[in-house]
>>> print(open('target_29.txt').read())   # compact mmCIF, C-alpha atoms
# COMPACT_ATOMS: atom_id res chain seq x y z
CA MET T 8 0.00 0.00 0.00
CA LYS T 9 1.24 3.48 -0.85
CA HIS T 10 2.00 5.84 2.01
CA ALA T 11 0.87 9.45 2.15
CA LYS T 12 3.52 12.04 1.46
CA PHE T 13 3.18 13.19 5.09
CA SER T 14 2.13 9.88 6.62
CA PRO T 15 1.38 9.84 10.35
CA SER T 16 3.70 6.84 10.79
CA ALA T 17 6.62 8.99 9.53
CA ALA T 18 5.69 12.08 11.57
CA HIS T 19 8.64 11.45 13.90
CA ARG T 20 10.86 12.23 10.89
CA TRP T 21 9.09 14.94 8.91
CA LEU T 22 8.08 17.02 11.94
CA VAL T 23 11.73 17.60 12.81
CA CYS T 24 13.02 17.59 9.23
CA PRO T 25 10.34 18.61 6.69
CA GLY T 26 12.96 18.49 3.92
CA SER T 27 13.24 14.74 4.39
CA VAL T 28 9.98 14.29 2.50
CA LYS T 29 11.36 15.89 -0.69
CA ARG T 30 14.78 14.28 -0.21
CA SER T 31 13.32 10.77 0.02
CA GLU T 32 11.15 11.06 -3.12
CA GLY T 33 12.01 8.39 -5.64
CA MET T 34 14.17 6.44 -3.22
CA ALA T 35 13.60 2.73 -3.01
CA SER T 36 11.83 1.58 0.11
CA ILE T 37 13.86 -0.93 2.12
CA GLN T 38 11.86 -3.45 4.08
CA THR T 39 13.80 -4.42 7.18
CA GLU T 40 13.30 -7.66 9.08
CA ALA T 41 11.56 -5.64 11.81
CA ALA T 42 9.15 -4.20 9.24
CA LYS T 43 8.45 -7.66 7.82
CA THR T 44 7.77 -8.98 11.32
CA GLY T 45 5.42 -6.06 12.03
CA THR T 46 3.57 -6.73 8.78
CA ALA T 47 3.23 -10.40 9.75
CA ALA T 48 1.87 -9.42 13.19
CA HIS T 49 -0.69 -7.12 11.57
CA TRP T 50 -1.69 -9.91 9.17
CA LEU T 51 -2.20 -12.25 12.12
CA PHE T 52 -4.18 -9.56 13.99
CA GLU T 53 -6.51 -9.17 10.98
CA THR T 54 -6.92 -12.81 9.96
CA ASN T 55 -6.60 -15.06 13.02
CA SER T 56 -4.85 -17.47 10.68
CA GLN T 57 -3.54 -20.73 12.08
CA SER T 58 -0.74 -20.73 9.51
CA THR T 59 2.81 -20.93 10.82
CA VAL T 60 4.10 -18.60 8.09
CA SER T 61 2.78 -15.20 6.95
CA PRO T 62 2.19 -14.41 3.25
CA GLU T 63 5.58 -12.59 3.25
CA GLY T 64 7.31 -15.72 4.55
CA VAL T 65 7.76 -14.64 8.18
CA GLU T 66 7.51 -17.44 10.73
CA ILE T 67 4.59 -16.96 13.11
CA SER T 68 5.99 -17.84 16.53
CA GLU T 69 3.96 -18.84 19.55
CA GLU T 70 5.22 -15.64 21.21
CA MET T 71 3.75 -13.53 18.37
CA ARG T 72 0.50 -15.47 18.56
CA ARG T 73 0.27 -14.81 22.34
CA HIS T 74 0.99 -11.10 21.93
CA ILE T 75 -1.65 -10.75 19.22
CA GLN T 76 -4.22 -12.64 21.32
CA THR T 77 -3.44 -10.32 24.25
CA ALA T 78 -3.84 -7.25 22.03
CA LYS T 79 -7.19 -8.49 20.71
CA ALA T 80 -8.45 -9.33 24.20
CA GLU T 81 -7.48 -5.84 25.43
CA MET T 82 -9.17 -4.24 22.41
CA PHE T 83 -12.41 -6.20 22.85
CA LYS T 84 -12.48 -5.38 26.56
CA HIS T 85 -13.01 -1.74 25.53
CA VAL T 86 -15.03 -1.98 22.32
CA LEU T 87 -17.44 -4.84 22.98
CA GLY T 88 -20.73 -3.99 21.29
CA ALA T 89 -19.24 -1.26 19.11
CA LYS T 90 -19.32 -1.34 15.32
CA LEU T 91 -15.84 -2.25 14.05
CA PHE T 92 -14.11 -1.07 10.88
CA SER T 93 -10.87 -2.78 9.88
CA GLU T 94 -8.07 -1.03 7.96
CA TYR T 95 -10.03 2.23 8.09
CA HIS T 96 -8.61 5.15 6.10
CA LEU T 97 -8.76 8.23 8.29
CA PRO T 98 -9.50 11.35 6.20
CA VAL T 99 -6.97 13.58 7.98
CA TRP T 100 -6.61 15.59 4.77
CA ARG T 101 -10.20 16.82 5.06
CA VAL T 102 -9.68 18.24 8.53
CA LEU T 103 -6.44 19.92 7.45
CA GLN T 104 -7.95 20.99 4.09
CA LEU T 105 -5.08 19.45 2.13
CA ASP T 106 -4.76 17.25 -0.93
CA LYS T 107 -5.81 13.72 0.03
CA LEU T 108 -2.51 12.25 -1.19
CA LEU T 109 -0.46 14.48 1.10
CA VAL T 110 -1.70 13.24 4.45
CA PHE T 111 -3.86 10.28 5.38
CA GLY T 112 -3.64 7.48 7.86
CA THR T 113 -4.91 3.96 8.12
CA ALA T 114 -6.08 2.68 11.49
CA ASP T 115 -6.00 -1.04 12.10
CA VAL T 116 -9.45 -0.79 13.70
CA VAL T 117 -11.90 2.03 14.27
CA ALA T 118 -14.69 1.18 16.71
CA LEU T 119 -17.83 3.29 17.05
CA ASP T 120 -20.72 3.18 19.46
CA ASP T 121 -23.36 5.77 20.32
CA ASP T 122 -21.05 8.21 22.10
CA ARG T 123 -17.46 7.07 21.55
CA ALA T 124 -14.90 6.35 18.88
CA TRP T 125 -11.73 4.33 19.35
CA VAL T 126 -8.83 4.44 16.91
CA ILE T 127 -6.72 1.32 17.34
CA ASP T 128 -3.25 0.97 15.88
CA LEU T 129 -1.45 -2.26 16.66
CA LYS T 130 2.19 -1.84 17.64
CA TYR T 131 4.40 -4.89 17.54
CA GLY T 132 8.09 -4.56 18.17
CA LYS T 133 10.88 -4.19 20.63
CA HIS T 134 10.23 -0.58 21.68
CA SER T 135 7.43 0.73 23.83
CA VAL T 136 5.11 3.29 22.23
CA ASN T 137 3.33 5.74 24.52
CA PRO T 138 0.11 6.84 22.76
CA ASP T 139 0.17 10.15 24.64
CA GLU T 140 3.62 11.05 23.37
CA THR T 141 3.84 9.66 19.84
CA PRO T 142 3.88 12.27 17.06
CA GLN T 143 1.81 9.83 14.99
CA ILE T 144 -1.29 10.95 16.89
>>> encode(input="target_29.txt", output="structure tokens")
Amino acid sequence: MKHAKFSPSAAHRWLVCPGSVKRSEGMASIQTEAAKTGTAAHWLFETNSQSTVSPEGVEISEEMRRHIQTAKAEMFKHVLGAKLFSEYHLPVWRVLQLDKLLVFGTADVVALDDDRAWVIDLKYGKHSVNPDETPQI
């Protein structure tokens, strides 16, 4: 999937160095092992597959399976009864009145009930992410 020019997931970079957006245009995207593992974790989160290998060829360990089950249980504890939307494209560009290719985000799950909305973005990796401090928000 193509990323927005000013994607929320790269905000940590372009907020401190706006020129990095122009500088990186046309550069090949390198998919690290960490990125491949994160993609596999997201695939497992979305599919509940019992496969031992993701479509990209990443081994699905029992540790990954446990972490994803924990993440889902935590999510459902908060959103039970809400209407769920998977891989929801957030129209950030509308709020900012910008071209829709400049800035948009994709939430893993958006949950809606009568008086609340939850935006859920699975994080799977070696570093803790504080939702109150991440520039991605």
>>> closest_atom_pairs(input="target_29.txt", of="range 44-133 of chain T", to="range 11-16 of chain T", cutoff="7 Å", atoms="all atoms listed in the file", output="Markdown table")
| residue | atom | partner | partner_atom | distance |
| --- | --- | --- | --- | --- |
| T:Leu108 | CA | T:Ala11 | CA | 5.5 |
| T:Leu109 | CA | T:Lys12 | CA | 4.7 |
| T:Val110 | CA | T:Phe13 | CA | 4.9 |
| T:Phe111 | CA | T:Ala11 | CA | 5.8 |
| T:Gly112 | CA | T:Pro15 | CA | 6.1 |
>>> atom_distance(input="target_29.txt", atom1="CA of Pro25 in chain T", atom2="CA of His10 in chain T")
16.0 Å
>>> closest_residue(input="target_29.txt", among="T:Arg101, T:His49, T:Lys90, T:His85", to="Gly132 in chain T", atoms="only C-alpha atoms")
T:His49
>>> residues_near_point(input="target_29.txt", point="(-14.2, 0.0, 25.0)", cutoff="12 Å", atoms="only C-alpha atoms", output="list in words")
Lys79, Ala80, Glu81, Met82, Phe83, Lys84, His85, Val86, Leu87, Gly88, Ala89, Lys90, Leu91, Val117, Ala118, Leu119, Asp120, Asp121, Asp122, Arg123, Ala124, Trp125, Val126 and Ile127 of chain T
>>> axis_aligned_box(input="target_29.txt", around="range 86-98 of chain T", padding_each_side="3 Å", output="JSON")
{"center_x": -14.4, "center_y": 3.3, "center_z": 14.5, "size_x": 18.7, "size_y": 22.2, "size_z": 22.9}
>>> atom_distance(input="target_29.txt", atom1="CA of Phe92 in chain T", atom2="CA of Gln76 in chain T")
18.5 Å
>>> residues_near_point(input="target_29.txt", point="(7.1, -14.1, 6.4)", cutoff="10 Å", atoms="all atoms listed in the file", output="list in words")
Glu40, Lys43, Thr44, Gly45, Thr46, Ala47, Ala48, Thr59, Val60, Ser61, Pro62, Glu63, Gly64, Val65, Glu66 and Ile67 of chain T
>>> build_atoms(input="target_29.txt", residues="range 122-133 of chain T", atoms="all heavy atoms", output="PDB file, in the coordinates of the input")
ATOM      1  N   ASP T 122     -21.676   6.974  21.630  1.00  0.00           N
ATOM      2  CA  ASP T 122     -21.050   8.210  22.100  1.00  0.00           C
ATOM      3  C   ASP T 122     -19.528   8.173  22.153  1.00  0.00           C
ATOM      4  O   ASP T 122     -18.903   9.048  22.733  1.00  0.00           O
ATOM      5  CB  ASP T 122     -21.598   8.588  23.488  1.00  0.00           C
ATOM      6  CG  ASP T 122     -21.267   7.550  24.555  1.00  0.00           C
ATOM      7  OD1 ASP T 122     -20.836   6.445  24.200  1.00  0.00           O
ATOM      8  OD2 ASP T 122     -21.446   7.859  25.739  1.00  0.00           O
ATOM      9  N   ARG T 123     -18.910   7.173  21.525  1.00  0.00           N
ATOM     10  CA  ARG T 123     -17.460   7.070  21.550  1.00  0.00           C
ATOM     11  C   ARG T 123     -16.906   6.550  20.238  1.00  0.00           C
ATOM     12  O   ARG T 123     -17.583   5.835  19.510  1.00  0.00           O
ATOM     13  CB  ARG T 123     -17.007   6.102  22.641  1.00  0.00           C
ATOM     14  CG  ARG T 123     -17.107   6.656  24.007  1.00  0.00           C
ATOM     15  CD  ARG T 123     -16.180   5.925  24.911  1.00  0.00           C
ATOM     16  NE  ARG T 123     -16.223   6.576  26.206  1.00  0.00           N
ATOM     17  CZ  ARG T 123     -16.023   5.973  27.331  1.00  0.00           C
ATOM     18  NH1 ARG T 123     -15.751   4.705  27.346  1.00  0.00           N
ATOM     19  NH2 ARG T 123     -16.066   6.631  28.459  1.00  0.00           N
ATOM     20  N   ALA T 124     -15.658   6.908  20.011  1.00  0.00           N
ATOM     21  CA  ALA T 124     -14.900   6.350  18.880  1.00  0.00           C
ATOM     22  C   ALA T 124     -13.528   5.948  19.402  1.00  0.00           C
ATOM     23  O   ALA T 124     -12.931   6.671  20.199  1.00  0.00           O
ATOM     24  CB  ALA T 124     -14.764   7.378  17.771  1.00  0.00           C
ATOM     25  N   TRP T 125     -13.061   4.803  19.004  1.00  0.00           N
ATOM     26  CA  TRP T 125     -11.730   4.330  19.350  1.00  0.00           C
ATOM     27  C   TRP T 125     -10.948   4.163  18.049  1.00  0.00           C
ATOM     28  O   TRP T 125     -11.457   3.608  17.075  1.00  0.00           O
ATOM     29  CB  TRP T 125     -11.772   2.973  20.031  1.00  0.00           C
ATOM     30  CG  TRP T 125     -12.410   2.930  21.368  1.00  0.00           C
ATOM     31  CD1 TRP T 125     -11.796   3.057  22.587  1.00  0.00           C
ATOM     32  CD2 TRP T 125     -13.796   2.722  21.658  1.00  0.00           C
ATOM     33  NE1 TRP T 125     -12.708   2.949  23.599  1.00  0.00           N
ATOM     34  CE2 TRP T 125     -13.958   2.736  23.055  1.00  0.00           C
ATOM     35  CE3 TRP T 125     -14.933   2.539  20.870  1.00  0.00           C
ATOM     36  CZ2 TRP T 125     -15.174   2.577  23.681  1.00  0.00           C
ATOM     37  CZ3 TRP T 125     -16.154   2.376  21.482  1.00  0.00           C
ATOM     38  CH2 TRP T 125     -16.264   2.390  22.873  1.00  0.00           C
ATOM     39  N   VAL T 126      -9.730   4.645  18.040  1.00  0.00           N
ATOM     40  CA  VAL T 126      -8.830   4.440  16.910  1.00  0.00           C
ATOM     41  C   VAL T 126      -7.725   3.524  17.426  1.00  0.00           C
ATOM     42  O   VAL T 126      -6.996   3.875  18.355  1.00  0.00           O
ATOM     43  CB  VAL T 126      -8.238   5.770  16.395  1.00  0.00           C
ATOM     44  CG1 VAL T 126      -7.268   5.515  15.257  1.00  0.00           C
ATOM     45  CG2 VAL T 126      -9.367   6.705  15.949  1.00  0.00           C
ATOM     46  N   ILE T 127      -7.626   2.344  16.842  1.00  0.00           N
ATOM     47  CA  ILE T 127      -6.720   1.320  17.340  1.00  0.00           C
ATOM     48  C   ILE T 127      -5.636   1.058  16.303  1.00  0.00           C
ATOM     49  O   ILE T 127      -5.925   0.769  15.144  1.00  0.00           O
ATOM     50  CB  ILE T 127      -7.506   0.025  17.662  1.00  0.00           C
ATOM     51  CG1 ILE T 127      -8.529   0.346  18.755  1.00  0.00           C
ATOM     52  CG2 ILE T 127      -6.569  -1.104  18.057  1.00  0.00           C
ATOM     53  CD1 ILE T 127      -9.675  -0.593  18.837  1.00  0.00           C
ATOM     54  N   ASP T 128      -4.402   1.181  16.748  1.00  0.00           N
ATOM     55  CA  ASP T 128      -3.250   0.970  15.880  1.00  0.00           C
ATOM     56  C   ASP T 128      -2.317  -0.008  16.564  1.00  0.00           C
ATOM     57  O   ASP T 128      -1.657   0.342  17.540  1.00  0.00           O
ATOM     58  CB  ASP T 128      -2.554   2.316  15.611  1.00  0.00           C
ATOM     59  CG  ASP T 128      -1.471   2.206  14.552  1.00  0.00           C
ATOM     60  OD1 ASP T 128      -1.652   1.431  13.591  1.00  0.00           O
ATOM     61  OD2 ASP T 128      -0.446   2.896  14.685  1.00  0.00           O
ATOM     62  N   LEU T 129      -2.295  -1.229  16.078  1.00  0.00           N
ATOM     63  CA  LEU T 129      -1.450  -2.260  16.660  1.00  0.00           C
ATOM     64  C   LEU T 129       0.015  -1.882  16.546  1.00  0.00           C
ATOM     65  O   LEU T 129       0.471  -1.456  15.493  1.00  0.00           O
ATOM     66  CB  LEU T 129      -1.686  -3.602  15.947  1.00  0.00           C
ATOM     67  CG  LEU T 129      -0.807  -4.758  16.398  1.00  0.00           C
ATOM     68  CD1 LEU T 129      -1.196  -5.212  17.799  1.00  0.00           C
ATOM     69  CD2 LEU T 129      -0.891  -5.908  15.416  1.00  0.00           C
ATOM     70  N   LYS T 130       0.735  -2.023  17.634  1.00  0.00           N
ATOM     71  CA  LYS T 130       2.190  -1.840  17.640  1.00  0.00           C
ATOM     72  C   LYS T 130       2.793  -3.172  18.040  1.00  0.00           C
ATOM     73  O   LYS T 130       2.391  -3.786  19.017  1.00  0.00           O
ATOM     74  CB  LYS T 130       2.614  -0.751  18.635  1.00  0.00           C
ATOM     75  CG  LYS T 130       2.057   0.622  18.311  1.00  0.00           C
ATOM     76  CD  LYS T 130       2.569   1.131  16.993  1.00  0.00           C
ATOM     77  CE  LYS T 130       2.077   2.522  16.686  1.00  0.00           C
ATOM     78  NZ  LYS T 130       2.238   2.872  15.293  1.00  0.00           N
ATOM     79  N   TYR T 131       3.744  -3.622  17.246  1.00  0.00           N
ATOM     80  CA  TYR T 131       4.400  -4.890  17.540  1.00  0.00           C
ATOM     81  C   TYR T 131       5.887  -4.718  17.287  1.00  0.00           C
ATOM     82  O   TYR T 131       6.320  -4.530  16.160  1.00  0.00           O
ATOM     83  CB  TYR T 131       3.848  -6.008  16.643  1.00  0.00           C
ATOM     84  CG  TYR T 131       4.402  -7.365  17.008  1.00  0.00           C
ATOM     85  CD1 TYR T 131       3.818  -8.108  18.019  1.00  0.00           C
ATOM     86  CD2 TYR T 131       5.512  -7.880  16.366  1.00  0.00           C
ATOM     87  CE1 TYR T 131       4.331  -9.342  18.384  1.00  0.00           C
ATOM     88  CE2 TYR T 131       6.032  -9.115  16.723  1.00  0.00           C
ATOM     89  CZ  TYR T 131       5.433  -9.835  17.738  1.00  0.00           C
ATOM     90  OH  TYR T 131       5.944 -11.053  18.103  1.00  0.00           O
ATOM     91  N   GLY T 132       6.651  -4.737  18.334  1.00  0.00           N
ATOM     92  CA  GLY T 132       8.090  -4.560  18.170  1.00  0.00           C
ATOM     93  C   GLY T 132       8.797  -4.589  19.487  1.00  0.00           C
ATOM     94  O   GLY T 132       8.250  -4.983  20.515  1.00  0.00           O
ATOM     95  N   LYS T 133      10.001  -4.125  19.463  1.00  0.00           N
ATOM     96  CA  LYS T 133      10.880  -4.190  20.630  1.00  0.00           C
ATOM     97  C   LYS T 133      10.857  -2.919  21.471  1.00  0.00           C
ATOM     98  O   LYS T 133      11.437  -2.872  22.532  1.00  0.00           O
ATOM     99  CB  LYS T 133      12.315  -4.457  20.183  1.00  0.00           C
ATOM    100  CG  LYS T 133      12.463  -5.746  19.397  1.00  0.00           C
ATOM    101  CD  LYS T 133      12.156  -6.957  20.247  1.00  0.00           C
ATOM    102  CE  LYS T 133      12.342  -8.218  19.437  1.00  0.00           C
ATOM    103  NZ  LYS T 133      11.815  -9.393  20.058  1.00  0.00           N
TER     104      LYS T 133
END
